[in-house]
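**Q** Before I ask anything, let me first share the structure, which is written out below as structure tokens.
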Amino acid sequence: MANPRQLFSGSGPAGFYTSYKVMSKIEHAIVDMYERLPVPFGLVRFGVAPDHPEVKNCQDKFTEVATSPSFNYIGNIDVGKDLPLSLLKPHYDAILFAYGAFKDRRLGVPGEDTLSGIFSARAFVGWYNGLPEYADLRPDLSVGEEAVIIGQGNVALDVARTLLSDVDRLRTTDMTEQALEALSKSRIRRVRVVGRRGPMQASFTIKEIRELFNLRSVGFIPIDPSLFPSTSTKLARTPRRLTQLLSKGSSDPLSNSEKIWSLDFLLAPKSFNAFTGLPDQLSSVTFSQTALQGPDPFDASAKIVTTQEQVSLPASIAFRSIGYRSEPIQGMEELGIPFDEGLGIIPNDLYGRILSSSSGSGERAATHVPGMYCAGWVKTGPTGVIASTMADAFSTADVIARDWEERALFLNGTTVSDGKMATGWDSLREEVERRGLRRVDWNDWEAIDMAERENGTRRGKDREKFSTVEEMLNVLR
């Protein structure tokens, strides 16, 4: 086969970085990238904090990839739903699943699903970033002054920083006007970021903490010194710097602060509670106190036990930020592609080859599903940053290229020496039209991009995102 045709499901960093590497390593390789939304870039567009525009610079590389004649962007087509996998498979030599983790993990505690004022961090971040799924979220930030965020990763700190920032600081970002309007009416003055373990086990980074400490007129409640080692000199460089930073705290004294925040440790959520007489409205969150186990409670891997002691924290609004999770695409099982519901990943050999349902993660390629690969969070679980996703995507691209070079079996029983030609998107256009689907190509995306930038310029910002699919498609009519 002179021109291997590959279907990539997902247009986030994992999909684009894998495309770049595959197209550079396999001569004449053609990538058809499918995306369920009209617009590309996944979490770079919908997950990166608006006040972190430098993180989005990777979009320049993705655009370079997308303008290659060997690349086809097929937006507004939901693989598995709009086009069944069984329909797509005969037209490709390989399929890569790189669609990320588009659901959030739940706490499973009383009140989580019945009280108003409780949101997932993913939904909140998606809302202020213009993710169509959450265009109608409308969190009411004017109900009260207390916010509780459950979880202590970087996404939790993004939520905290958004709630604590002066809204004028955010007006020049690409945060949606709807979110800016809600934040301008916010009454929140006290934010607690709560975790089950201690500061030495927290997953936030130094950069995120430092940004919160640097916010003007925002004070930080000091952390109990007993939660830190008596001396930090024996710690590795990163935990030592983090310990020193957390111990020092904010430069703004609490007495001069308009808003206050804290990192609250050793608390496990037990229930969300309603106001007396207002059974639907959140009033507080009850936590069970925890304790660190093991010979070294300051070890990053130290476990916790739950105690009988409880504490309730007032909250007019609460966010759960305990991680994202992937879900299987409809039709995977029919093609022999397993999905591990517990881990939230497609079982793979750690390099990106998808294992058959009779195998377990970590086993080698003798039992992998021919021509089927994965990259990004659906491969590894929702961990890491864009740089680690890039490294992971490159590793998957390397095994795709190696399998191709070594004449491994690919989809539909073909090998590199068969001389058969998979035609990919070229054979699917008519079917897409017959189904009444509106494919968005890269030129269409550039038109949407230009319209967003023009709308942003009128508001003194880089762009004003369209937050519904209808608005995006209206640009193309």
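By convention in this document, the chains of the structure tokens carry letters A, B, ... by their order, each chain's residues are numbered from 1, and ligands are numbered from 1 in the order they are shown.
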Which residues come within 12 Å of Pro297 (chain A), counting only C-alpha atoms, excluding same-chain residues fewer than 6 positions away, as number ranges by chain?

**A** A: 197-201, 226-230, 266, 291, 303-305

**Q** Give me the residues near Lys270 (chain A) as a list in words, where near means some atom within 10 Å (using only C-alpha atoms) and where sequence neighbours in that chain fewer than 2 positions away do not count.

**A** Leu107, Gly108, Val109, Pro110, Gly111, Leu267, Ala268, Phe272, Asn273, Val285, Thr286, Phe287, Ser288, Gln289, Gln310, Val311 and Ser312 of chain A

**Q** Check the smallest atom-to-atom distance from each of A:Leu278, A:Ala318, A:Cys58, A:Ile74 to Ala160 (chain A) using only C-alpha atoms, then report the winner.

**A**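 The shortest atom-to-atom distance to Ala160 (chain A) comes from A:Ala318.
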
**Q** Residues of region 231-341 of chain A within 6 Å of region 84-101 of chain A: nearest atom pair and distance (Å, one decimal) for each, counting only C-alpha atoms, sorted by chain and number, as a Markdown table?

**A**
| residue | atom | partner | partner_atom | distance |
| --- | --- | --- | --- | --- |
| A:Tyr324 | CA | A:Ala101 | CA | 5.7 |
| A:Arg325 | CA | A:Ala101 | CA | 4.8 |
| A:Ser326 | CA | A:Ala101 | CA | 3.9 |
| A:Gly331 | CA | A:Leu85 | CA | 5.8 |

**Q** Do a neighbour search on Ile149 (chain A) at 7 Å with only C-alpha atoms, toss out local chain neighbours closer than 2 positions, and write the hits as a CSV table (one decimal) with C-alpha atoms, in the first residue's frame.

**A**
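This went into selection.csv:
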chain,number,residue,atom,x,y,z
A,147,ALA,CA,-17.3,28.5,47.7
A,151,GLY,CA,-10.0,18.3,44.9
A,156,ALA,CA,-9.3,22.9,41.0
A,192,ARG,CA,-11.8,26.7,50.2
A,193,VAL,CA,-9.8,24.1,48.1
A,194,VAL,CA,-10.3,20.8,50.0
A,318,ALA,CA,-19.5,23.8,45.4
A,319,PHE,CA,-17.4,22.2,42.8
A,320,ARG,CA,-16.1,18.7,42.5
A,321,SER,CA,-12.7,18.5,40.8

**Q** If we count only C-alpha atoms and set the cut-off at 8 Å, which residues sit around Leu212 (chain A), ignoring sequence neighbours fewer than 3 positions away in its own chain? Please answer as JSON, numbers by chain.

**A** {"A": [157, 161, 208, 209, 215]}

**Q** Tell me which protein, DNA and RNA residues are within 12 Å of Val432 (chain A), counting only C-alpha atoms, leaving out same-chain ones fewer than 3 positions away, and put them as a ChimeraX atom specification.

**A** /A:74-79,82-84,87-88,425-429,435-440

**Q** Would you save the residues of that selection, restricted to N, CA and C atoms, as a JSON list (two decimals), in the first residue's frame?

**A**
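See part.json below for the written result:
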[["chain", "number", "residue", "atom", "x", "y", "z"],
["A", 74, "ILE", "N", -12.21, 16.53, 9.51],
["A", 74, "ILE", "CA", -13.62, 16.17, 9.29],
["A", 74, "ILE", "C", -14.35, 16.49, 10.59],
["A", 75, "GLY", "N", -14.69, 17.75, 10.73],
["A", 75, "GLY", "CA", -15.35, 18.22, 11.94],
["A", 75, "GLY", "C", -16.85, 18.07, 11.88],
["A", 76, "ASN", "N", -17.48, 18.14, 13.05],
["A", 76, "ASN", "CA", -18.94, 18.04, 13.19],
["A", 76, "ASN", "C", -19.45, 16.65, 12.83],
["A", 77, "ILE", "N", -18.58, 15.65, 12.92],
["A", 77, "ILE", "CA", -18.95, 14.27, 12.67],
["A", 77, "ILE", "C", -18.55, 13.46, 13.90],
["A", 78, "ASP", "N", -19.53, 12.87, 14.56],
["A", 78, "ASP", "CA", -19.30, 12.13, 15.80],
["A", 78, "ASP", "C", -19.11, 10.65, 15.46],
["A", 79, "VAL", "N", -17.84, 10.19, 15.55],
["A", 79, "VAL", "CA", -17.53, 8.80, 15.25],
["A", 79, "VAL", "C", -18.25, 7.88, 16.23],
["A", 82, "ASP", "N", -22.66, 9.42, 14.58],
["A", 82, "ASP", "CA", -23.05, 9.85, 13.23],
["A", 82, "ASP", "C", -22.65, 8.81, 12.18],
["A", 83, "LEU", "N", -21.45, 8.27, 12.34],
["A", 83, "LEU", "CA", -20.95, 7.24, 11.43],
["A", 83, "LEU", "C", -20.49, 6.05, 12.27],
["A", 84, "PRO", "N", -21.15, 4.90, 12.15],
["A", 84, "PRO", "CA", -20.76, 3.73, 12.95],
["A", 84, "PRO", "C", -19.33, 3.29, 12.65],
["A", 87, "LEU", "N", -19.03, 0.92, 9.83],
["A", 87, "LEU", "CA", -19.09, 1.53, 8.50],
["A", 87, "LEU", "C", -17.73, 2.11, 8.11],
["A", 88, "LEU", "N", -17.02, 2.66, 9.08],
["A", 88, "LEU", "CA", -15.75, 3.33, 8.81],
["A", 88, "LEU", "C", -14.60, 2.34, 8.59],
["A", 425, "TRP", "N", -11.79, 8.87, 3.63],
["A", 425, "TRP", "CA", -12.84, 9.87, 3.49],
["A", 425, "TRP", "C", -13.38, 9.95, 2.07],
["A", 426, "ASP", "N", -12.53, 9.69, 1.07],
["A", 426, "ASP", "CA", -12.97, 9.80, -0.32],
["A", 426, "ASP", "C", -14.15, 8.88, -0.61],
["A", 427, "SER", "N", -14.21, 7.75, 0.09],
["A", 427, "SER", "CA", -15.30, 6.80, -0.13],
["A", 427, "SER", "C", -16.49, 7.04, 0.79],
["A", 428, "LEU", "N", -16.37, 8.00, 1.70],
["A", 428, "LEU", "CA", -17.42, 8.21, 2.70],
["A", 428, "LEU", "C", -18.21, 9.49, 2.48],
["A", 429, "ARG", "N", -17.76, 10.34, 1.57],
["A", 429, "ARG", "CA", -18.44, 11.62, 1.35],
["A", 429, "ARG", "C", -19.92, 11.44, 1.04],
["A", 435, "ARG", "N", -26.75, 10.87, 4.78],
["A", 435, "ARG", "CA", -27.24, 10.91, 6.16],
["A", 435, "ARG", "C", -27.60, 12.32, 6.63],
["A", 436, "GLY", "N", -27.41, 13.31, 5.75],
["A", 436, "GLY", "CA", -27.76, 14.68, 6.10],
["A", 436, "GLY", "C", -26.80, 15.32, 7.08],
["A", 437, "LEU", "N", -25.55, 14.85, 7.10],
["A", 437, "LEU", "CA", -24.55, 15.39, 8.02],
["A", 437, "LEU", "C", -23.81, 16.55, 7.35],
["A", 438, "ARG", "N", -23.42, 17.54, 8.16],
["A", 438, "ARG", "CA", -22.70, 18.69, 7.63],
["A", 438, "ARG", "C", -21.24, 18.61, 8.08],
["A", 439, "ARG", "N", -20.38, 18.14, 7.22],
["A", 439, "ARG", "CA", -18.96, 18.05, 7.53],
["A", 439, "ARG", "C", -18.36, 19.46, 7.54],
["A", 440, "VAL", "N", -17.53, 19.75, 8.54],
["A", 440, "VAL", "CA", -16.78, 21.00, 8.62],
["A", 440, "VAL", "C", -15.33, 20.69, 8.27]]

**Q** For Asn129 (chain A), please output as a list in words all residues within 8 Å (counting only C-alpha atoms; exclusion window: fewer than 3 positions along the same chain).

**A** Arg45, Phe46, Gly47, Ala49, Pro50, Val125, Gly126, Asp174, Met175, Thr176 and Lys465 of chain A

**Q** Save the residues we just selected, N, CA, C and O atoms, as a CSV table (one decimal), in the first residue's frame?

**A**
chain,number,residue,atom,x,y,z
A,45,ARG,N,-8.5,24.2,23.6
A,45,ARG,CA,-9.6,25.3,23.4
A,45,ARG,C,-10.5,25.3,24.6
A,45,ARG,O,-10.9,26.4,25.1
A,46,PHE,N,-10.9,24.2,25.1
A,46,PHE,CA,-12.0,24.1,26.1
A,46,PHE,C,-11.6,23.9,27.5
A,46,PHE,O,-12.4,23.9,28.5
A,47,GLY,N,-10.3,23.5,27.7
A,47,GLY,CA,-9.8,23.2,29.1
A,47,GLY,C,-8.7,24.1,29.7
A,47,GLY,O,-8.6,24.2,30.9
A,49,ALA,N,-7.0,27.3,30.9
A,49,ALA,CA,-7.5,28.5,31.6
A,49,ALA,C,-7.3,29.7,30.6
A,49,ALA,O,-6.3,29.9,30.0
A,50,PRO,N,-8.3,30.6,30.5
A,50,PRO,CA,-8.3,31.8,29.6
A,50,PRO,C,-7.1,32.7,29.9
A,50,PRO,O,-6.6,33.4,29.0
A,125,VAL,N,-15.4,24.9,34.0
A,125,VAL,CA,-14.3,25.3,33.1
A,125,VAL,C,-14.8,25.3,31.6
A,125,VAL,O,-14.5,26.2,30.8
A,126,GLY,N,-15.6,24.3,31.2
A,126,GLY,CA,-16.1,24.2,29.9
A,126,GLY,C,-17.1,25.4,29.6
A,126,GLY,O,-17.1,26.0,28.6
A,174,ASP,N,-9.9,35.2,26.4
A,174,ASP,CA,-11.0,34.6,25.5
A,174,ASP,C,-12.1,34.0,26.3
A,174,ASP,O,-12.9,33.2,25.8
A,175,MET,N,-12.2,34.3,27.6
A,175,MET,CA,-13.3,33.8,28.4
A,175,MET,C,-14.6,34.4,27.8
A,175,MET,O,-14.6,35.6,27.3
A,176,THR,N,-15.7,33.6,27.8
A,176,THR,CA,-16.9,34.1,27.1
A,176,THR,C,-17.5,35.2,27.9
A,176,THR,O,-17.4,35.4,29.1
A,465,LYS,N,-15.5,33.4,21.7
A,465,LYS,CA,-15.9,32.1,21.2
A,465,LYS,C,-17.4,31.9,21.0
A,465,LYS,O,-18.2,32.5,21.8

**Q** Considering only C-alpha atoms, state which residue in the set A:Phe41, A:Phe220, A:Tyr351, A:Phe410 is at the smallest distance from Asn256 (chain A).

**A** A:Phe220

**Q** Between CA of Asp264 (chain A) and CA of Thr307 (chain A), what is the spacing in Å?

**A**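 Computing the Euclidean distance for CA of Thr307 (chain A) and CA of Asp264 (chain A) yields 16.1 Å.
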
**Q** With only C-alpha atoms as the counted atoms, please give the residues lying no more than 12 Å from Phe102 (chain A), apart from itself and same-chain residues fewer than 4 positions off, as a count of residues only.

**A** 25

**Q** Tell me which of A:Gln152, A:Thr205, A:Thr18, A:Gln178 sits closest to Gly130 (chain A), counting only C-alpha atoms.

**A**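 Closest to Gly130 (chain A), using only C-alpha atoms: A:Gln178.
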
**Q** Calculated over only C-alpha atoms, which of the candidates A:Asp51, A:Asp60, A:Ala121, A:Arg240 has the smallest distance to Asp166 (chain A)?

**A**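 That would be A:Asp51, the residue with the smallest distance to Asp166 (chain A).
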
**Q** One decimal, in Å: what's the spacing between CA of Val31 (chain A) and CA of Ala422 (chain A)?

**A** 11.6 Å

**Q** From the DSSP assignment of the backbone, select every residue of region 229-332 of chain A that is alpha helix (DSSP H), and format the answer as a ChimeraX atom specification.

**A** /A:237-248
